[in-house]
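> Just so it is clear, I am handing over start-v8.txt, which has compact mmCIF, C-alpha atoms and all ligand atoms.
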# COMPACT_ATOMS: atom_id res chain seq x y z
CA MET A 1 60.75 7.92 75.39
CA ASN A 2 62.98 10.86 74.57
CA SER A 3 66.60 10.72 73.49
CA ARG A 4 67.81 11.67 76.96
CA GLU A 5 66.40 8.43 78.31
CA THR A 6 67.82 6.14 75.68
CA LYS A 7 71.42 7.33 75.57
CA ILE A 8 73.09 6.85 78.89
CA GLN A 9 76.83 6.98 78.57
CA LEU A 10 79.10 6.28 81.49
CA PRO A 11 82.87 6.11 81.86
CA LYS A 12 84.47 2.67 81.90
CA GLY A 13 85.19 1.59 85.47
CA PHE A 14 82.16 3.48 86.81
CA LEU A 15 80.40 1.45 89.50
CA LEU A 16 76.81 0.72 88.75
CA GLY A 17 75.20 -0.96 91.70
CA ALA A 18 72.25 -1.34 93.99
CA ALA A 19 72.01 -0.76 97.72
CA SER A 20 70.24 -2.47 100.59
CA SER A 21 70.43 -2.61 104.37
CA ALA A 22 70.40 -5.64 106.62
CA HIS A 23 67.28 -5.04 108.68
CA GLN A 24 65.28 -4.08 105.62
CA VAL A 25 65.87 -7.32 103.74
CA GLU A 26 67.45 -10.07 105.82
CA GLY A 27 64.65 -10.99 108.21
CA GLU A 28 64.61 -12.09 111.85
CA ASP A 29 67.45 -10.05 113.32
CA LYS A 30 66.09 -10.85 116.73
CA ASN A 31 68.80 -9.09 118.73
CA SER A 32 68.29 -5.66 117.16
CA ASP A 33 66.46 -2.71 118.73
CA TRP A 34 64.03 -2.51 115.79
CA TRP A 35 63.01 -6.13 116.27
CA MET A 36 62.45 -5.47 119.96
CA TYR A 37 60.15 -2.51 119.28
CA GLU A 38 58.37 -4.40 116.49
CA GLU A 39 57.61 -7.15 119.00
CA MET A 40 56.23 -4.50 121.38
CA GLY A 41 53.87 -3.34 118.62
CA ARG A 42 55.46 0.09 118.27
CA LEU A 43 56.59 -0.52 114.67
CA PRO A 44 55.32 -2.65 111.78
CA LYS A 45 56.71 -6.17 111.93
CA SER A 46 59.60 -7.00 109.61
CA GLY A 47 59.38 -10.78 110.18
CA LEU A 48 61.20 -12.72 107.48
CA ALA A 49 61.42 -9.56 105.34
CA CYS A 50 62.82 -10.75 101.98
CA ASP A 51 64.60 -13.64 103.66
CA HIS A 52 67.74 -12.22 102.11
CA TYR A 53 69.73 -13.79 104.96
CA ASN A 54 69.09 -17.15 103.30
CA ARG A 55 68.59 -16.01 99.72
CA PHE A 56 71.47 -13.57 99.22
CA GLU A 57 73.07 -15.77 96.55
CA GLN A 58 69.94 -15.74 94.45
CA ASP A 59 69.53 -11.98 94.94
CA PHE A 60 73.09 -11.22 93.88
CA ASP A 61 72.79 -13.53 90.86
CA LEU A 62 69.77 -11.48 89.84
CA ALA A 63 71.76 -8.26 90.36
CA LYS A 64 74.34 -9.61 87.93
CA GLN A 65 71.59 -10.49 85.47
CA VAL A 66 70.32 -6.91 85.69
CA GLY A 67 73.76 -5.73 84.56
CA LEU A 68 75.15 -4.35 87.82
CA ASN A 69 78.79 -4.53 88.89
CA ALA A 70 78.64 -3.34 92.50
CA MET A 71 76.60 -3.83 95.64
CA ARG A 72 76.17 -1.78 98.78
CA ILE A 73 75.08 -3.86 101.77
CA SER A 74 75.08 -3.32 105.52
CA VAL A 75 76.27 -5.59 108.28
CA GLU A 76 73.73 -6.04 111.06
CA TRP A 77 75.66 -5.15 114.21
CA SER A 78 73.38 -7.25 116.42
CA ARG A 79 74.29 -10.38 114.47
CA ILE A 80 78.01 -9.73 115.02
CA GLU A 81 77.79 -8.62 118.65
CA PRO A 82 74.51 -10.05 119.97
CA GLU A 83 75.67 -9.50 123.54
CA GLU A 84 77.97 -6.75 124.70
CA GLY A 85 81.58 -7.70 123.99
CA LYS A 86 80.69 -11.18 122.68
CA TRP A 87 81.44 -11.67 119.02
CA SER A 88 79.39 -14.20 117.11
CA VAL A 89 81.33 -16.56 114.87
CA THR A 90 78.09 -17.47 113.07
CA GLY A 91 77.37 -13.81 112.35
CA LEU A 92 80.85 -13.13 111.07
CA GLU A 93 80.96 -16.28 108.93
CA HIS A 94 77.64 -15.31 107.37
CA TYR A 95 78.94 -11.95 106.15
CA LYS A 96 82.16 -13.58 104.94
CA LYS A 97 79.99 -15.81 102.74
CA VAL A 98 77.99 -12.81 101.54
CA LEU A 99 81.15 -10.92 100.58
CA LYS A 100 82.66 -14.03 98.96
CA LYS A 101 79.59 -14.41 96.77
CA LEU A 102 79.93 -10.81 95.63
CA LYS A 103 83.60 -11.32 94.92
CA ASP A 104 82.82 -14.42 92.85
CA LEU A 105 80.49 -12.27 90.77
CA ASN A 106 83.27 -9.71 90.36
CA PHE A 107 81.25 -7.05 92.16
CA ALA A 108 82.74 -4.07 93.97
CA ARG A 109 81.67 -4.26 97.62
CA MET A 110 80.55 -1.35 99.75
CA VAL A 111 79.68 -2.11 103.37
CA THR A 112 77.74 0.11 105.79
CA LEU A 113 78.30 -0.28 109.52
CA HIS A 114 75.34 1.64 110.89
CA HIS A 115 72.14 1.69 108.88
CA PHE A 116 69.58 2.80 111.51
CA THR A 117 69.55 -0.30 113.73
CA LEU A 118 71.48 -0.99 116.94
CA PRO A 119 72.00 -4.13 118.96
CA ARG A 120 69.28 -4.34 121.55
CA TRP A 121 71.80 -4.37 124.45
CA LEU A 122 73.23 -1.05 123.30
CA ALA A 123 69.83 0.54 122.75
CA GLU A 124 68.92 -0.45 126.30
CA LYS A 125 72.03 1.38 127.53
CA GLY A 126 71.17 4.63 125.72
CA GLY A 127 72.52 3.89 122.23
CA MET A 128 74.16 6.73 120.36
CA GLU A 129 73.17 9.22 123.04
CA THR A 130 76.05 8.01 125.17
CA LYS A 131 79.85 8.03 125.10
CA GLU A 132 79.73 4.26 125.54
CA GLY A 133 77.71 4.02 122.33
CA ILE A 134 80.45 5.81 120.40
CA ALA A 135 83.16 3.61 121.92
CA ALA A 136 81.15 0.47 121.18
CA PHE A 137 80.70 1.57 117.55
CA ALA A 138 84.44 2.12 117.14
CA ARG A 139 85.09 -1.34 118.62
CA PHE A 140 82.58 -2.88 116.18
CA ALA A 141 84.25 -1.07 113.25
CA TRP A 142 87.65 -2.28 114.42
CA PHE A 143 86.40 -5.87 114.74
CA LEU A 144 84.97 -5.90 111.22
CA ALA A 145 88.01 -4.21 109.68
CA GLN A 146 90.21 -6.79 111.37
CA ASN A 147 88.12 -9.76 110.27
CA LEU A 148 87.00 -8.63 106.83
CA LYS A 149 90.26 -7.04 105.76
CA GLY A 150 90.66 -7.30 101.99
CA GLU A 151 86.99 -8.31 101.55
CA VAL A 152 85.51 -4.80 101.51
CA ASP A 153 86.30 -2.16 98.89
CA PHE A 154 84.52 0.75 100.53
CA TRP A 155 83.39 1.24 104.11
CA ILE A 156 80.49 3.50 105.00
CA THR A 157 80.42 4.35 108.69
CA VAL A 158 76.96 5.85 109.14
CA ASN A 159 73.98 5.98 106.82
CA GLU A 160 72.06 9.28 106.68
CA PRO A 161 73.06 10.67 110.08
CA GLU A 162 70.53 13.51 110.08
CA VAL A 163 67.65 11.23 109.10
CA TYR A 164 68.54 8.84 111.91
CA ALA A 165 68.87 11.67 114.43
CA ALA A 166 65.69 13.44 113.30
CA MET A 167 63.46 10.36 113.14
CA GLY A 168 64.70 8.96 116.44
CA TYR A 169 65.26 12.07 118.56
CA ARG A 170 63.29 14.94 117.06
CA PHE A 171 60.11 13.53 115.57
CA GLY A 172 59.95 10.44 117.78
CA THR A 173 58.93 8.15 114.91
CA TRP A 174 61.80 5.66 115.17
CA PRO A 175 63.65 4.16 118.12
CA PRO A 176 64.31 5.56 120.69
CA PHE A 177 61.09 7.59 120.08
CA GLN A 178 62.35 10.87 121.56
CA LYS A 179 60.97 14.30 120.74
CA SER A 180 63.62 16.70 121.89
CA THR A 181 65.62 19.25 119.92
CA ARG A 182 68.36 19.06 122.54
CA LYS A 183 68.65 15.30 122.13
CA PHE A 184 68.53 15.62 118.35
CA LEU A 185 71.49 18.01 118.39
CA LYS A 186 73.33 15.77 120.81
CA ALA A 187 72.73 12.76 118.56
CA ILE A 188 74.16 14.69 115.59
CA GLY A 189 77.23 15.60 117.65
CA ASN A 190 77.67 12.01 118.74
CA LEU A 191 77.30 10.68 115.20
CA ILE A 192 80.08 13.03 114.12
CA LYS A 193 82.23 11.58 116.91
CA ALA A 194 81.14 8.04 116.04
CA HIS A 195 82.11 8.53 112.40
CA LYS A 196 85.55 9.83 113.33
CA ALA A 197 86.13 7.07 115.88
CA ALA A 198 85.13 4.38 113.36
CA PHE A 199 87.31 6.01 110.68
CA HIS A 200 90.35 5.79 112.97
CA ALA A 201 89.49 2.28 114.12
CA ILE A 202 89.38 1.01 110.53
CA LYS A 203 92.59 2.82 109.57
CA GLN A 204 94.33 1.36 112.61
CA VAL A 205 93.79 -2.07 111.10
CA ASP A 206 94.19 -1.17 107.45
CA LEU A 207 95.69 2.12 106.35
CA GLU A 208 94.68 1.42 102.76
CA ALA A 209 90.98 0.99 103.58
CA LEU A 210 88.64 3.55 102.00
CA VAL A 211 86.17 5.02 104.47
CA GLY A 212 83.27 7.35 103.78
CA ILE A 213 79.75 8.26 104.81
CA ALA A 214 76.33 8.07 103.14
CA LYS A 215 75.09 11.62 103.46
CA ASN A 216 71.47 12.51 102.76
CA SER A 217 71.22 15.78 100.90
CA ALA A 218 68.18 17.57 99.52
CA PHE A 219 68.11 19.85 96.50
CA LEU A 220 66.70 23.16 97.70
CA GLU A 221 65.46 26.05 95.59
CA PRO A 222 64.15 29.49 96.55
CA ASP A 223 60.45 29.73 95.83
CA ARG A 224 60.70 33.29 94.56
CA ASP A 225 63.53 35.30 93.11
CA LYS A 226 63.85 37.27 96.33
CA PHE A 227 66.86 37.91 98.53
CA LEU A 228 65.30 36.44 101.68
CA ASP A 229 64.17 33.26 99.91
CA ARG A 230 67.66 32.82 98.47
CA LEU A 231 69.15 33.46 101.90
CA ILE A 232 67.01 30.86 103.59
CA VAL A 233 67.97 28.31 100.93
CA ARG A 234 71.65 29.01 101.66
CA VAL A 235 71.06 28.52 105.37
CA GLY A 236 69.09 25.31 104.77
CA ASP A 237 71.76 24.05 102.40
CA TYR A 238 74.50 24.77 104.94
CA PHE A 239 72.84 23.00 107.85
CA GLY A 240 71.16 20.20 105.91
CA ASN A 241 73.79 19.41 103.30
CA HIS A 242 77.15 20.65 104.57
CA TYR A 243 77.39 21.01 108.34
CA PHE A 244 78.02 17.31 108.98
CA LEU A 245 80.42 16.95 106.04
CA ARG A 246 82.42 20.00 107.09
CA ARG A 247 82.86 18.54 110.54
CA ILE A 248 84.21 15.21 109.24
CA ARG A 249 85.97 16.34 106.07
CA LYS A 250 89.42 15.44 107.41
CA HIS A 251 88.17 11.95 108.16
CA LEU A 252 86.81 11.00 104.77
CA ASP A 253 88.28 9.16 101.80
CA PHE A 254 85.14 9.63 99.72
CA ILE A 255 81.67 11.09 99.99
CA GLY A 256 78.48 9.11 99.52
CA LEU A 257 75.41 11.06 98.43
CA ASN A 258 71.90 9.77 99.11
CA TYR A 259 69.58 11.84 96.98
CA TYR A 260 65.78 11.72 97.23
CA PHE A 261 64.38 15.13 98.11
CA TYR A 262 63.59 18.33 96.28
CA GLU A 263 62.08 21.26 98.15
CA ARG A 264 61.21 24.88 97.51
CA LEU A 265 61.63 27.26 100.42
CA GLN A 266 60.13 30.61 101.23
CA PHE A 267 61.33 32.98 103.91
CA ASP A 268 58.82 33.23 106.73
CA TRP A 269 58.93 35.98 109.38
CA LYS A 270 57.51 33.73 112.09
CA LYS A 271 59.13 30.36 111.47
CA GLY A 272 62.22 31.41 109.52
CA PHE A 273 61.17 29.41 106.50
CA LYS A 274 58.34 27.35 105.11
CA ARG A 275 58.23 24.68 102.47
CA VAL A 276 56.04 25.54 99.50
CA ASN A 277 56.02 22.29 97.63
CA GLU A 278 52.32 21.90 96.88
CA ASN A 279 52.46 23.67 93.54
CA ILE A 280 55.59 22.05 92.22
CA ASP A 281 54.52 20.25 89.12
CA VAL A 282 56.87 17.26 88.98
CA PRO A 283 56.26 13.50 89.03
CA ARG A 284 55.82 12.07 92.51
CA SER A 285 56.61 8.64 93.86
CA ASP A 286 54.07 6.39 95.60
CA MET A 287 55.24 8.01 98.85
CA GLY A 288 54.47 11.47 97.50
CA TRP A 289 58.15 12.39 97.20
CA ARG A 290 58.81 14.93 94.44
CA THR A 291 61.36 13.90 91.86
CA ASN A 292 63.86 16.26 90.28
CA PRO A 293 66.64 14.45 88.40
CA SER A 294 68.60 17.63 87.64
CA GLY A 295 68.90 18.22 91.40
CA ILE A 296 71.49 15.47 91.57
CA TYR A 297 73.64 17.42 89.11
CA TYR A 298 73.70 20.54 91.27
CA LEU A 299 74.39 18.57 94.44
CA LEU A 300 77.26 16.64 92.82
CA ARG A 301 78.74 19.83 91.40
CA ASP A 302 78.54 21.40 94.81
CA LEU A 303 80.31 18.46 96.47
CA ARG A 304 83.42 19.21 94.39
CA ARG A 305 84.38 21.68 97.10
CA TYR A 306 85.51 18.77 99.33
CA ARG A 307 87.94 17.47 96.68
CA LYS A 308 87.07 13.83 97.32
CA PRO A 309 85.76 11.06 95.10
CA ILE A 310 81.98 10.85 95.21
CA PHE A 311 79.57 7.94 94.97
CA VAL A 312 75.83 8.24 94.70
CA THR A 313 75.23 5.76 97.50
CA GLU A 314 71.43 5.89 97.16
CA ASN A 315 68.85 7.18 94.73
CA GLY A 316 65.58 5.45 94.06
CA ILE A 317 61.83 5.61 93.77
CA ALA A 318 58.88 3.84 95.37
CA ASN A 319 56.80 2.88 92.35
CA ALA A 320 54.72 -0.27 92.63
CA ALA A 321 53.26 0.10 89.12
CA ASP A 322 56.80 0.25 87.72
CA ASN A 323 55.79 2.93 85.24
CA MET A 324 58.17 5.65 86.47
CA ARG A 325 61.32 3.82 87.54
CA ARG A 326 63.00 3.39 84.15
CA ARG A 327 62.73 7.06 83.34
CA PHE A 328 63.69 8.02 86.91
CA ILE A 329 66.93 6.03 86.67
CA SER A 330 67.86 7.07 83.17
CA GLU A 331 67.28 10.76 83.89
CA HIS A 332 69.29 10.65 87.10
CA LEU A 333 72.13 8.86 85.32
CA TYR A 334 71.98 11.44 82.56
CA TRP A 335 72.51 14.21 85.13
CA VAL A 336 75.21 12.23 86.92
CA LYS A 337 77.11 12.07 83.64
CA LYS A 338 76.61 15.81 83.15
CA ALA A 339 78.12 16.38 86.60
CA ILE A 340 81.10 14.20 85.65
CA ASP A 341 81.53 16.20 82.47
CA PHE A 342 81.45 19.35 84.57
CA GLY A 343 84.32 18.05 86.69
CA ALA A 344 82.68 16.25 89.61
CA ASP A 345 84.70 13.15 90.50
CA VAL A 346 81.74 10.77 90.57
CA ARG A 347 82.85 7.13 90.64
CA GLY A 348 79.60 5.22 91.00
CA TYR A 349 75.83 5.10 91.35
CA PHE A 350 73.88 2.74 93.63
CA TYR A 351 70.17 2.46 92.98
CA TRP A 352 68.00 2.06 96.10
CA SER A 353 67.17 -0.74 96.29
CA LEU A 354 68.05 -4.12 94.83
CA THR A 355 64.88 -5.84 96.04
CA ASP A 356 61.74 -4.50 97.64
CA THR A 357 62.39 -3.87 101.31
CA TYR A 358 60.91 -3.22 104.74
CA GLU A 359 60.59 0.56 104.54
CA TRP A 360 60.90 1.25 108.28
CA HIS A 361 57.73 2.71 109.85
CA ASP A 362 56.00 2.45 106.45
CA GLY A 363 56.30 -1.33 106.52
CA PHE A 364 56.34 -3.21 103.23
CA ASN A 365 54.04 -0.95 101.20
CA PRO A 366 56.59 1.20 99.36
CA LYS A 367 58.13 -0.75 96.49
CA PHE A 368 61.59 0.54 95.64
CA GLY A 369 63.08 -2.67 94.25
CA LEU A 370 64.62 -3.43 90.89
CA ILE A 371 63.48 -6.89 91.89
CA GLU A 372 59.93 -7.46 93.01
CA VAL A 373 59.54 -9.79 95.99
CA ASN A 374 56.36 -11.70 96.66
CA LEU A 375 56.33 -11.68 100.45
CA GLU A 376 54.03 -14.72 100.65
CA THR A 377 56.13 -17.02 98.50
CA GLN A 378 59.47 -15.18 98.54
CA GLU A 379 59.46 -15.45 94.77
CA ARG A 380 61.63 -12.89 92.96
CA LYS A 381 60.91 -11.20 89.65
CA ILE A 382 63.10 -8.64 87.91
CA ARG A 383 61.01 -5.56 87.17
CA GLU A 384 60.82 -4.43 83.58
CA SER A 385 62.38 -1.05 84.48
CA ALA A 386 65.61 -2.76 85.55
CA GLY A 387 66.27 -3.29 81.84
CA VAL A 388 67.53 0.31 81.79
CA PHE A 389 70.96 -0.80 83.00
CA LYS A 390 71.48 -2.86 79.87
CA GLU A 391 71.01 0.23 77.69
CA ILE A 392 74.11 1.96 79.00
CA THR A 393 77.02 2.66 76.67
CA TRP A 394 80.43 2.54 78.30
CA ILE A 395 82.88 5.11 76.97
O1 LIG B 1 64.83 2.78 102.78
C1 LIG B 1 65.53 3.95 103.00
C2 LIG B 1 66.96 3.64 103.39
O2 LIG B 1 67.02 2.83 104.52
C3 LIG B 1 67.72 4.91 103.68
N1 LIG B 1 67.57 5.85 102.59
C4 LIG B 1 66.25 6.13 102.11
C5 LIG B 1 65.55 4.83 101.77
C6 LIG B 1 64.14 5.12 101.24
O3 LIG B 1 63.40 5.77 102.22
Take the structure in this file and express it as structure tokens.
Ligand code: IFM


Amino acid sequence: MNSRETKIQLPKGFLLGAASSAHQVEGEDKNSDWWMYEEMGRLPKSGLACDHYNRFEQDFDLAKQVGLNAMRISVEWSRIEPEEGKWSVTGLEHYKKVLKKLKDLNFARMVTLHHFTLPRWLAEKGGMETKEGIAAFARFAWFLAQNLKGEVDFWITVNEPEVYAAMGYRFGTWPPFQKSTRKFLKAIGNLIKAHKAAFHAIKQVDLEALVGIAKNSAFLEPDRDKFLDRLIVRVGDYFGNHYFLRRIRKHLDFIGLNYYFYERLQFDWKKGFKRVNENIDVPRSDMGWRTNPSGIYYLLRDLRRYRKPIFVTENGIANAADNMRRRFISEHLYWVKKAIDFGADVRGYFYWSLTDTYEWHDGFNPKFGLIEVNLETQERKIRESAGVFKEITWI
């Protein structure tokens, strides 16, 4: 191990957490659109998942043991509003207990409202393609802000808007399985509106609430030192990393960065650009994703232009053998600190994910967790790599 890995220094008060999302860990959210499509055989079954719905206390105790001081969770909308306009007391009470447990552990609490799933009733009415979907989302945000006031430190409206729009409306891999560029663009437009509507709804209840977004951004590099390659990287960076943020910048208290992807682009006369990633010689995760820890530094530096506090709301690696994760985390934290030293106002880092999860259409194969979950027995085991958080020096 080199010195970079062993000496991670972070400012006191920095949030060091893990992230998760309801559908990926809770199990049996039977009123969600994903569950419906899983039952139809169009997606791998999530079943009990990690049974986090019943085991959240144990999971958060383990997070504390790992050395974390913050947690990003999501509230499953279909548990709160299983039928249109009908609020579930059981659903609400559950999340109150979840947040209370985190408070007892002295954890900062970040809560996401939309992390890829919808209530089934809304999906059946056209979901986020419709004006009604946006209005329903604002109403849901308002209801949670009203009922969880004082229990949430940071609200995230939408997780990875472009990923959701692309997977659901452009590539047709996720619900609602559409393959239409027009619908993709419409979904992006509607998610911008949904974010703003939820922002206002939360502020209506609590002016002091802090509201942000979890924005997926990729680190792009030109393949060659050529004008057209550099140009295409600028265009890709604008549309992929900034367009959404620019549209909502007046409705943001902080920015969340989800960082996973590193790509090299070449200008292409026919297609505009092509990815030339095959020859990049960097470690890859079990999912084949290329890692580039320094990329987080450039992205964080770049986000300074918005003059808002920044959180790394997700960064993680699928690595079942657990032989890459420790280095992955320490190197990313090293570059986060460099970005802070450069002047980026980075306030926290959330590793994805606390436990192993249901990785959407990839099922349970990818293992991102700091905590390994045996899906047969639901036994938990802290992975060796999670020890990295105990090596941090607070300055
Ligand atoms: O599991 C997902 C998460 O739901 C959103 N961000 C990326 C993670 C890994 O693919």

> Mind giving me the straight-line distance from atom CA of A:Gly240 to atom CA of A:Glu162 in Å, one decimal?

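A separation of 7.9 Å between them.
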
> Would you compute the distance between atom CA of A:Val89 and atom CA of A:Ala145? Give it in Å to one decimal.

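Atom CA of A:Ala145 lies 15.0 Å from atom CA of A:Val89.
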
> Between A:Ile213, A:Ile392, A:Ala194, A:Ala218, which residue has the minimum interatomic distance to A:Leu265, considering only C-alpha atoms?

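Distance minimum relative to A:Leu265 lands on A:Ala218.
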
> Can you tell me which residues come within 7 Å of ligand LIG 1 (chain B) when counting all atoms listed in the file, ideally as a JSON list (two decimals) with C-alpha atoms, in the coordinates of the input?


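Wrote it out as selection_8.json, contents follow:
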[["chain", "number", "residue", "atom", "x", "y", "z"],
["A", 21, "SER", "CA", 70.43, -2.61, 104.37],
["A", 115, "HIS", "CA", 72.14, 1.69, 108.88],
["A", 160, "GLU", "CA", 72.06, 9.28, 106.68],
["A", 258, "ASN", "CA", 71.90, 9.77, 99.11],
["A", 314, "GLU", "CA", 71.43, 5.89, 97.16],
["A", 352, "TRP", "CA", 68.00, 2.06, 96.10],
["A", 359, "GLU", "CA", 60.59, 0.56, 104.54],
["A", 360, "TRP", "CA", 60.90, 1.25, 108.28]]

> Suppose you want the space between atom CA of A:Ala123 and atom CA of A:Glu81; what is it in Å?

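Between atom CA of A:Ala123 and atom CA of A:Glu81 the gap is 12.8 Å.
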
> Please identify all polymer residues within 12 Å of A:Asp281, counting only C-alpha atoms, omitting same-chain residues fewer than 2 positions from it, and present them as a list in words.

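Those residues are Tyr262, Glu263, Arg264, Val276, Asn277, Glu278, Asn279, Pro283, Arg284, Trp289, Arg290, Thr291 and Asn292 of chain A.
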
> Identify which of the residues A:Pro293, A:Pro175, A:Gly67, A:Pro44 lies closest to A:Ala339, counting only C-alpha atoms when measuring atom-to-atom distances.

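Closest to A:Ala339, using only C-alpha atoms: A:Pro293.
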
> Can you pull out every residue within 7 Å of A:Ala214, counting all atoms listed in the file, but drop anything in the same chain fewer than 4 positions away, and send it as a PyMOL selection string?

chain A and resi 156+158-160+255-258+313

> Could you write out as JSON the box around stretch 16-32 of chain A (axis-aligned, all atoms listed in the file, 8 Å on each side), with centre and edge lengths in Å to one decimal?


{"center_x": 70.7, "center_y": -5.7, "center_z": 103.7, "size_x": 28.2, "size_y": 28.8, "size_z": 46.0}

> Skipping near chain neighbours, those fewer than 2 positions away, what residues fall within 9 Å of stretch 267-274 of chain A using all atoms listed in the file, listed as a list in words?

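So, after excluding close chain neighbours, the residues are Pro222, Asp223, Leu228, Asp229, Arg230, Leu231, Ile232, Val233, Arg264, Leu265 and Val276 of chain A.
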
> Nearest to A:Phe311: which of A:Met40, A:Val235, A:Ala70, A:Ala135 is it, counting only C-alpha atoms?

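Under the stated criterion, the closest residue is A:Ala70.
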
> Given all atoms listed in the file as the basis, pick out the residue of A:Phe199, A:Phe254, A:Tyr259, A:Tyr238 nearest to A:Tyr306.

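Among the listed residues, A:Phe254 lies closest to A:Tyr306.
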
> So, with all atoms listed in the file as the atoms that count, which of A:Gly85, A:Gly127, A:Pro119, A:Gly343 lies closest to A:Arg301?

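Smallest separation from A:Arg301 among the options: A:Gly343.
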
> N, CA and C atoms are needed for stretch 317-333 of chain A; please write them out as a PDB file, in the coordinates of the input.


ATOM      1  N   ILE A 317      63.230   5.168  93.761  1.00  0.00           N
ATOM      2  CA  ILE A 317      61.830   5.610  93.770  1.00  0.00           C
ATOM      3  C   ILE A 317      60.906   4.464  94.186  1.00  0.00           C
ATOM      4  N   ALA A 318      59.934   4.800  95.031  1.00  0.00           N
ATOM      5  CA  ALA A 318      58.880   3.840  95.370  1.00  0.00           C
ATOM      6  C   ALA A 318      57.840   3.927  94.255  1.00  0.00           C
ATOM      7  N   ASN A 319      57.664   2.832  93.529  1.00  0.00           N
ATOM      8  CA  ASN A 319      56.800   2.880  92.350  1.00  0.00           C
ATOM      9  C   ASN A 319      56.309   1.463  92.049  1.00  0.00           C
ATOM     10  N   ALA A 320      55.223   1.101  92.732  1.00  0.00           N
ATOM     11  CA  ALA A 320      54.720  -0.270  92.630  1.00  0.00           C
ATOM     12  C   ALA A 320      54.288  -0.612  91.208  1.00  0.00           C
ATOM     13  N   ALA A 321      53.740   0.367  90.488  1.00  0.00           N
ATOM     14  CA  ALA A 321      53.260   0.100  89.120  1.00  0.00           C
ATOM     15  C   ALA A 321      54.417  -0.041  88.134  1.00  0.00           C
ATOM     16  N   ASP A 322      55.583   0.343  88.542  1.00  0.00           N
ATOM     17  CA  ASP A 322      56.800   0.250  87.720  1.00  0.00           C
ATOM     18  C   ASP A 322      56.677   1.046  86.407  1.00  0.00           C
ATOM     19  N   ASN A 323      55.936   2.129  86.458  1.00  0.00           N
ATOM     20  CA  ASN A 323      55.790   2.930  85.240  1.00  0.00           C
ATOM     21  C   ASN A 323      56.618   4.223  85.278  1.00  0.00           C
ATOM     22  N   MET A 324      57.356   4.428  86.363  1.00  0.00           N
ATOM     23  CA  MET A 324      58.170   5.650  86.470  1.00  0.00           C
ATOM     24  C   MET A 324      59.657   5.348  86.654  1.00  0.00           C
ATOM     25  N   ARG A 325      59.954   4.129  87.093  1.00  0.00           N
ATOM     26  CA  ARG A 325      61.320   3.820  87.540  1.00  0.00           C
ATOM     27  C   ARG A 325      62.350   3.913  86.417  1.00  0.00           C
ATOM     28  N   ARG A 326      62.033   3.390  85.258  1.00  0.00           N
ATOM     29  CA  ARG A 326      63.000   3.390  84.150  1.00  0.00           C
ATOM     30  C   ARG A 326      63.421   4.826  83.810  1.00  0.00           C
ATOM     31  N   ARG A 327      62.450   5.667  83.678  1.00  0.00           N
ATOM     32  CA  ARG A 327      62.730   7.060  83.340  1.00  0.00           C
ATOM     33  C   ARG A 327      63.481   7.753  84.490  1.00  0.00           C
ATOM     34  N   PHE A 328      63.047   7.446  85.717  1.00  0.00           N
ATOM     35  CA  PHE A 328      63.690   8.020  86.910  1.00  0.00           C
ATOM     36  C   PHE A 328      65.187   7.702  86.897  1.00  0.00           C
ATOM     37  N   ILE A 329      65.514   6.439  86.642  1.00  0.00           N
ATOM     38  CA  ILE A 329      66.930   6.030  86.670  1.00  0.00           C
ATOM     39  C   ILE A 329      67.679   6.672  85.515  1.00  0.00           C
ATOM     40  N   SER A 330      67.101   6.576  84.320  1.00  0.00           N
ATOM     41  CA  SER A 330      67.860   7.070  83.170  1.00  0.00           C
ATOM     42  C   SER A 330      68.079   8.578  83.272  1.00  0.00           C
ATOM     43  N   GLU A 331      67.092   9.306  83.778  1.00  0.00           N
ATOM     44  CA  GLU A 331      67.280  10.760  83.890  1.00  0.00           C
ATOM     45  C   GLU A 331      68.309  11.107  84.959  1.00  0.00           C
ATOM     46  N   HIS A 332      68.279  10.373  86.072  1.00  0.00           N
ATOM     47  CA  HIS A 332      69.290  10.650  87.100  1.00  0.00           C
ATOM     48  C   HIS A 332      70.693  10.325  86.581  1.00  0.00           C
ATOM     49  N   LEU A 333      70.809   9.204  85.855  1.00  0.00           N
ATOM     50  CA  LEU A 333      72.130   8.860  85.320  1.00  0.00           C
ATOM     51  C   LEU A 333      72.600   9.881  84.286  1.00  0.00           C
TER      52      LEU A 333
END
